[in-house]
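Read through the structure below, which is laid out as structure tokens, and then see the notes.
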Amino acid sequence: MKKVIAVSVIALIALALVPSIHFAHAQEKSAKQYINLRAEVWNEFFRMTTAAFTVGAVVSGTMIWLVWRFRESHPKNKNPTRWEKLDDPTTGNYEKEGH
Amino acid sequence: MVLELKKPRPVWQIMFSTHHTDVGLLYTITGLAFLFMAGVLAMMIRTHLFFPGQGVLISDSVTFNRIFTVHGLTMLFLFALPVANGVGNYLVPLMVRYKDMAYPKLNAIAFWMNPVGGVLLWLGFSDTSWVSYAPYSVIRAPGPAADMMIFGLKILGISSILSSINFVVTILKCKHPDLPLRKVPLFAWSMMTVSLMTIVAMPSYAAALIMLLTDRLGVSGFFNPSMGGDPIAYLHLFWFTFHPEVYIFLLPSIGMMYEIIPRFSRKPLFSQGSGVFAFVMLGLIGFASWGHHMYSTGMDFTTKVVFMIGTLAAVPASGMHVFNFLATMWGGRIKFAAPMKFAVGGIALFFSAGAGGVLNSAMPLDFISHGTYWVVGHMHLFLTGTIAFGFVGMVYYMFPLITGRMYSEKLANIHFIGMLWGSVQVFYTQHLLGLEGMPRRIYDYPAEYTSWTQLNQIATIGAWILGASFVAFLINLIYYSAKGKEANMDDPFGLGGKYYYPHQAKNPHHIGY
């Protein structure tokens with residue numbers, strides 16, 4: 001799990017850094033160079049889309065894993081959880097339960 | 001306990017009751033009835049757009065405009081708000097341990113304004129689109145349709161304010177003295193947040209509607225350029241109400257997920273405090289972002305930046321809810337009955353819709369997507385993908401409480417798969433249509449634009465799947481409420497323990513109490 005998080009964080013940092021480096025280099029070029037605003041906007045759009053969907057994929061992936069791993073029919077989930085001995089497990093308290 | 005169908009009562013007894021469970025039932029049934037009616041209009045719109053250049057189902061553009069206007073108004077004001085109020089009526093008094101809503105008669109009056117407003121909207125069948133932008137709604141929109149819409153919306157707005165006052169007073173003043181506010185369940189917190197937001201936001205729209213009406217009557221010219229008025233002023237008044245209104249629709253759905261997820265995960269909620277904080281933050285931030293609907297109206301750069309940052313500030317608060325849900329599920333033993341499936345599906349689509357929202361709020365990107373099908377896809381992904389998923393999940397959750405019977409899990413599965421599949425297919429495709437440049441609210445498009453045709457046809461097939469899944473829902477609601485297996489009211493979902501607490505609701509009008 002830690003590896004997945006590490007790779008995701010590195011990917012996000014790269015997504016943020018690469019465009020900035022690109023802009024920094026672009027500034028050093030000739031003053032005659034003009035910016036195609038439409039292309040810049042579309043670039044921005046695709047970068048933000050990539051960032052948004054990367055985060056989305058990580059969260060959605062986590063959720064899919066959660067759904068698969070903690071479903072009641074999973075072999076590791078045969079036994080009741082420690083909260084289920086209560087009449088209402090949802091009133092349990094993390095602090096009291098020593099979580 | 002409200003076993004409406006198990007031990008039937010005369011309909012008039014429910015209709016003229018002021019008890020919170022009866023009013024809740026009336027709200028819920030009304031909301032669901034309007035959902036199906038507006039759903040039929042949606043199917044007509046999508047089927048029409050399947051065949052470019054042919055006018056197969058809808059013969060002229062004015063009728064098309066009328067249909068999507070009434071579809072939008074109905075889904076927002078006659079489905080989303082009433083169902084949230086219905087569930088709130090059922091559960092909020094229980095959650096704060098009070099016998100009823102604070103003002104029961106006001107509660108019933110607020111409900112009965114809904115059918116009246118609904119009749120005005122449907123008989124008028126206005127063509128202004130749900131936003132009723134000036135100057136079209138002032139100068140050209142045909143009467144009496146637009147006038148009936150204005151009156152209908154005024155009535156629905158007053159109803160919203162009355163019910164909001166009732167929820168705020170019930171939670172803050174009628175709460176049991178032993179129950180600290182911070183421990184009030186999060187669904188009640190969501191209702192309190194949206195009620196406070198409604199009280200602050202709604203007067204702006206109420207004023208805009210009166211100004212619109214007097215403009216239409218020719219006695220004023222607030223939004224009429226030929227009389228020196230400014231149509232953009234209408235946009236400001238409108239969006240000051242309706243960006244917060246987005247959260248007013250959304251937060252009850254999130255609150256419902258807070259009700260469902262811990263129960264079906266069989267463990268406590270991960271963090272009550274972060275849930276409360278996120279609700280309050282979203283309630284405040286909702287008012288800091290209305291300008292992002294108007295980037296293309298000539299607003300100055302600084303103002304745009306303020307609204308852009310204000311909009312993006314909603315991301316951390318929304319993320320807190322999502323991570324709270326995930327952390328609650330982590331380590332649980334999750335039973336995927338229908339309510340839980342809809343809650344999890346809703347969270348997944350909430351995240352996608354939120355990602356689209358981040359792109360919309362960035363002003364350079366907004367110029368690309370503004371007025372295109374991207375926006376249609378985005379708002380529908382929120383409204384159907386998140387809000388309707390939460391509401392439908394909650395209806396399944398409350399089904400045993402309301403009817404004393406169990407729905408068919410098989411049909412609920414069909415409903416869930418169809419709704420998830422359909423929502424993704426329609427609304428993701430609409431995002432792509434927006435990127436292809438298709439403007440929203442157009443009656444027809446040239447068949448030569450093959451990419452538009454193909455994407456529209458994919459979206460329409462998705463809409464049919466979505467619509468068909470609601471047939472399963474309808475069967476569950478009607479047939480299984482009368483013929484379904486009797487529910488074990490202590491534990492209808494077989495979760496173990498006796499924590500299906502809504503059944504503790506006592507109805508003094510009911511035989512046996």
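In the structure tokens, chains take the letters A, B, ... in the order shown, each chain's residues start at 1, and ligands count up from 1 in the order shown.
Residues of chain B lying within 7 Å of chain A, counting only C-alpha atoms, are Pro262, Arg263, Arg266, Lys267, Pro268, Leu269, Leu326, Trp330, Gly331, Gly332, Arg333, Ile334, Lys335, Ala348, Phe351, Ser352, Ala355, Leu359, Pro364, Leu365, Gly497, Lys498 and Tyr499 of chain B.
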Mind writing the picked residues with N, CA and C atoms as a compact mmCIF listing (two decimals), in the first residue's frame?
```
# COMPACT_ATOMS: atom_id res chain seq x y z
N PRO B 262 -21.92 3.73 7.81
CA PRO B 262 -21.48 3.06 9.04
C PRO B 262 -22.33 1.83 9.37
N ARG B 263 -23.64 1.93 9.10
CA ARG B 263 -24.52 0.80 9.45
C ARG B 263 -24.17 -0.43 8.64
N ARG B 266 -20.91 -1.93 9.52
CA ARG B 266 -20.97 -2.51 10.87
C ARG B 266 -19.85 -1.98 11.76
N LYS B 267 -19.64 -0.70 11.70
CA LYS B 267 -18.65 -0.08 12.59
C LYS B 267 -18.93 1.41 12.73
N PRO B 268 -18.31 2.03 13.71
CA PRO B 268 -18.61 3.46 13.92
C PRO B 268 -18.09 4.31 12.78
N LEU B 269 -18.69 5.49 12.68
CA LEU B 269 -18.22 6.48 11.73
C LEU B 269 -16.79 6.87 12.09
N LEU B 326 -14.43 6.52 3.17
CA LEU B 326 -13.49 5.43 2.90
C LEU B 326 -12.91 4.89 4.22
N TRP B 330 -13.15 1.10 5.86
CA TRP B 330 -11.90 0.37 6.10
C TRP B 330 -11.99 -0.40 7.43
N GLY B 331 -11.79 -1.69 7.36
CA GLY B 331 -11.80 -2.50 8.58
C GLY B 331 -13.18 -2.96 8.98
N GLY B 332 -14.19 -2.61 8.19
CA GLY B 332 -15.55 -3.05 8.52
C GLY B 332 -15.85 -4.41 7.91
N ARG B 333 -17.08 -4.84 8.06
CA ARG B 333 -17.54 -6.09 7.43
C ARG B 333 -18.80 -5.68 6.66
N ILE B 334 -18.56 -5.29 5.40
CA ILE B 334 -19.59 -4.53 4.69
C ILE B 334 -20.62 -5.45 4.05
N LYS B 335 -21.87 -5.14 4.31
CA LYS B 335 -22.95 -5.87 3.63
C LYS B 335 -23.45 -5.00 2.47
N ALA B 348 -18.45 7.22 -5.77
CA ALA B 348 -17.56 7.10 -6.94
C ALA B 348 -17.88 8.19 -7.96
N PHE B 351 -16.94 11.78 -6.96
CA PHE B 351 -15.54 12.11 -7.19
C PHE B 351 -15.31 12.54 -8.64
N SER B 352 -15.92 11.81 -9.57
CA SER B 352 -15.77 12.17 -10.99
C SER B 352 -16.38 13.54 -11.25
N ALA B 355 -14.17 16.22 -9.96
CA ALA B 355 -13.00 16.46 -10.82
C ALA B 355 -13.38 17.37 -11.98
N LEU B 359 -12.17 21.56 -13.10
CA LEU B 359 -11.85 22.11 -14.43
C LEU B 359 -12.74 23.29 -14.77
N PRO B 364 -9.56 29.99 -17.38
CA PRO B 364 -9.24 29.82 -18.80
C PRO B 364 -9.95 28.61 -19.41
N LEU B 365 -10.15 27.61 -18.58
CA LEU B 365 -10.78 26.39 -19.08
C LEU B 365 -12.28 26.58 -19.21
N GLY B 497 -27.64 -7.22 15.47
CA GLY B 497 -27.87 -6.10 16.39
C GLY B 497 -29.22 -5.45 16.13
N LYS B 498 -29.58 -4.54 17.01
CA LYS B 498 -30.88 -3.88 16.86
C LYS B 498 -30.65 -2.41 16.63
N TYR B 499 -30.13 -2.10 15.48
CA TYR B 499 -29.80 -0.69 15.30
C TYR B 499 -30.44 -0.07 14.06
```
Would you mind listing what lies within 9 Å of stretch 90-94 of chain B as a list in words, with only C-alpha atoms counted and same-chain residues fewer than 4 positions away left out?
His20, Thr21, Asp22, Val23, Gly24, Leu25, Asn85, Gly86, Tyr98, Lys99, Asp100, Met101, Ala102, Phe167, Thr170, Ile171, Cys174, Lys175, Pro185, Phe187, Ala188, Met191, Tyr501, Pro502, Gln504 and Ala505 of chain B
Since we have the selection now, will you write its residues out, keeping N, CA and C atoms, as a CSV table (one decimal), in the first residue's frame?
```csv
chain,number,residue,atom,x,y,z
B,20,HIS,N,-44.8,14.4,11.8
B,20,HIS,CA,-43.6,14.5,10.9
B,20,HIS,C,-43.5,13.3,10.0
B,21,THR,N,-43.9,12.1,10.5
B,21,THR,CA,-43.7,10.9,9.6
B,21,THR,C,-44.7,11.0,8.4
B,22,ASP,N,-45.9,11.5,8.7
B,22,ASP,CA,-46.9,11.6,7.6
B,22,ASP,C,-46.5,12.6,6.6
B,23,VAL,N,-46.0,13.7,7.1
B,23,VAL,CA,-45.6,14.8,6.2
B,23,VAL,C,-44.4,14.3,5.4
B,24,GLY,N,-43.5,13.6,6.1
B,24,GLY,CA,-42.3,13.0,5.4
B,24,GLY,C,-42.7,12.0,4.3
B,25,LEU,N,-43.8,11.2,4.6
B,25,LEU,CA,-44.3,10.3,3.6
B,25,LEU,C,-44.8,11.0,2.4
B,85,ASN,N,-36.4,16.8,2.0
B,85,ASN,CA,-37.3,17.2,3.1
B,85,ASN,C,-38.1,16.0,3.7
B,86,GLY,N,-38.5,15.1,2.8
B,86,GLY,CA,-39.2,13.9,3.3
B,86,GLY,C,-38.4,13.1,4.2
B,98,TYR,N,-36.9,14.5,19.6
B,98,TYR,CA,-38.1,15.3,19.9
B,98,TYR,C,-39.3,14.6,19.3
B,99,LYS,N,-40.5,15.0,19.8
B,99,LYS,CA,-41.7,14.3,19.4
B,99,LYS,C,-42.1,14.5,18.0
B,100,ASP,N,-41.8,15.7,17.5
B,100,ASP,CA,-42.2,16.1,16.1
B,100,ASP,C,-41.3,17.2,15.6
B,101,MET,N,-41.7,17.8,14.5
B,101,MET,CA,-41.0,19.0,14.1
B,101,MET,C,-41.5,20.1,15.0
B,102,ALA,N,-40.7,21.2,15.0
B,102,ALA,CA,-41.0,22.3,16.0
B,102,ALA,C,-42.4,22.9,15.7
B,167,PHE,N,-36.7,23.2,10.3
B,167,PHE,CA,-35.6,22.3,10.6
B,167,PHE,C,-34.6,23.0,11.5
B,170,THR,N,-36.2,23.1,15.0
B,170,THR,CA,-36.2,21.8,15.6
B,170,THR,C,-34.9,21.3,16.1
B,171,ILE,N,-33.9,21.5,15.3
B,171,ILE,CA,-32.5,21.0,15.6
B,171,ILE,C,-31.9,21.9,16.8
B,174,CYS,N,-35.2,22.4,19.8
B,174,CYS,CA,-36.0,21.3,20.4
B,174,CYS,C,-35.1,20.0,20.7
B,175,LYS,N,-33.9,20.1,20.4
B,175,LYS,CA,-32.9,19.0,20.7
B,175,LYS,C,-33.0,18.7,22.1
B,185,PRO,N,-26.5,13.4,14.9
B,185,PRO,CA,-26.1,12.7,13.7
B,185,PRO,C,-25.9,13.6,12.5
B,187,PHE,N,-26.6,13.4,9.4
B,187,PHE,CA,-27.7,13.7,8.5
B,187,PHE,C,-28.5,14.9,9.0
B,188,ALA,N,-28.7,15.0,10.3
B,188,ALA,CA,-29.4,16.2,10.9
B,188,ALA,C,-28.5,17.4,10.7
B,191,MET,N,-29.0,18.6,7.2
B,191,MET,CA,-30.3,19.3,7.0
B,191,MET,C,-30.2,20.7,7.7
B,501,TYR,N,-32.7,2.0,13.9
B,501,TYR,CA,-33.4,2.8,14.9
B,501,TYR,C,-34.6,3.6,14.3
B,502,PRO,N,-34.6,3.9,13.0
B,502,PRO,CA,-35.8,4.7,12.6
B,502,PRO,C,-37.1,4.1,12.9
B,504,GLN,N,-38.2,3.3,15.6
B,504,GLN,CA,-38.7,3.7,16.9
B,504,GLN,C,-39.6,4.9,16.7
B,505,ALA,N,-39.8,5.4,15.5
B,505,ALA,CA,-40.7,6.5,15.2
B,505,ALA,C,-42.1,6.1,15.6
```
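Across the structure, atom CA of B:Gly31 and atom CA of B:Leu381 are spaced 19.4 Å apart.
Picture a line from atom CA of B:Asp490 to atom CA of B:Arg405; it runs 12.4 Å.
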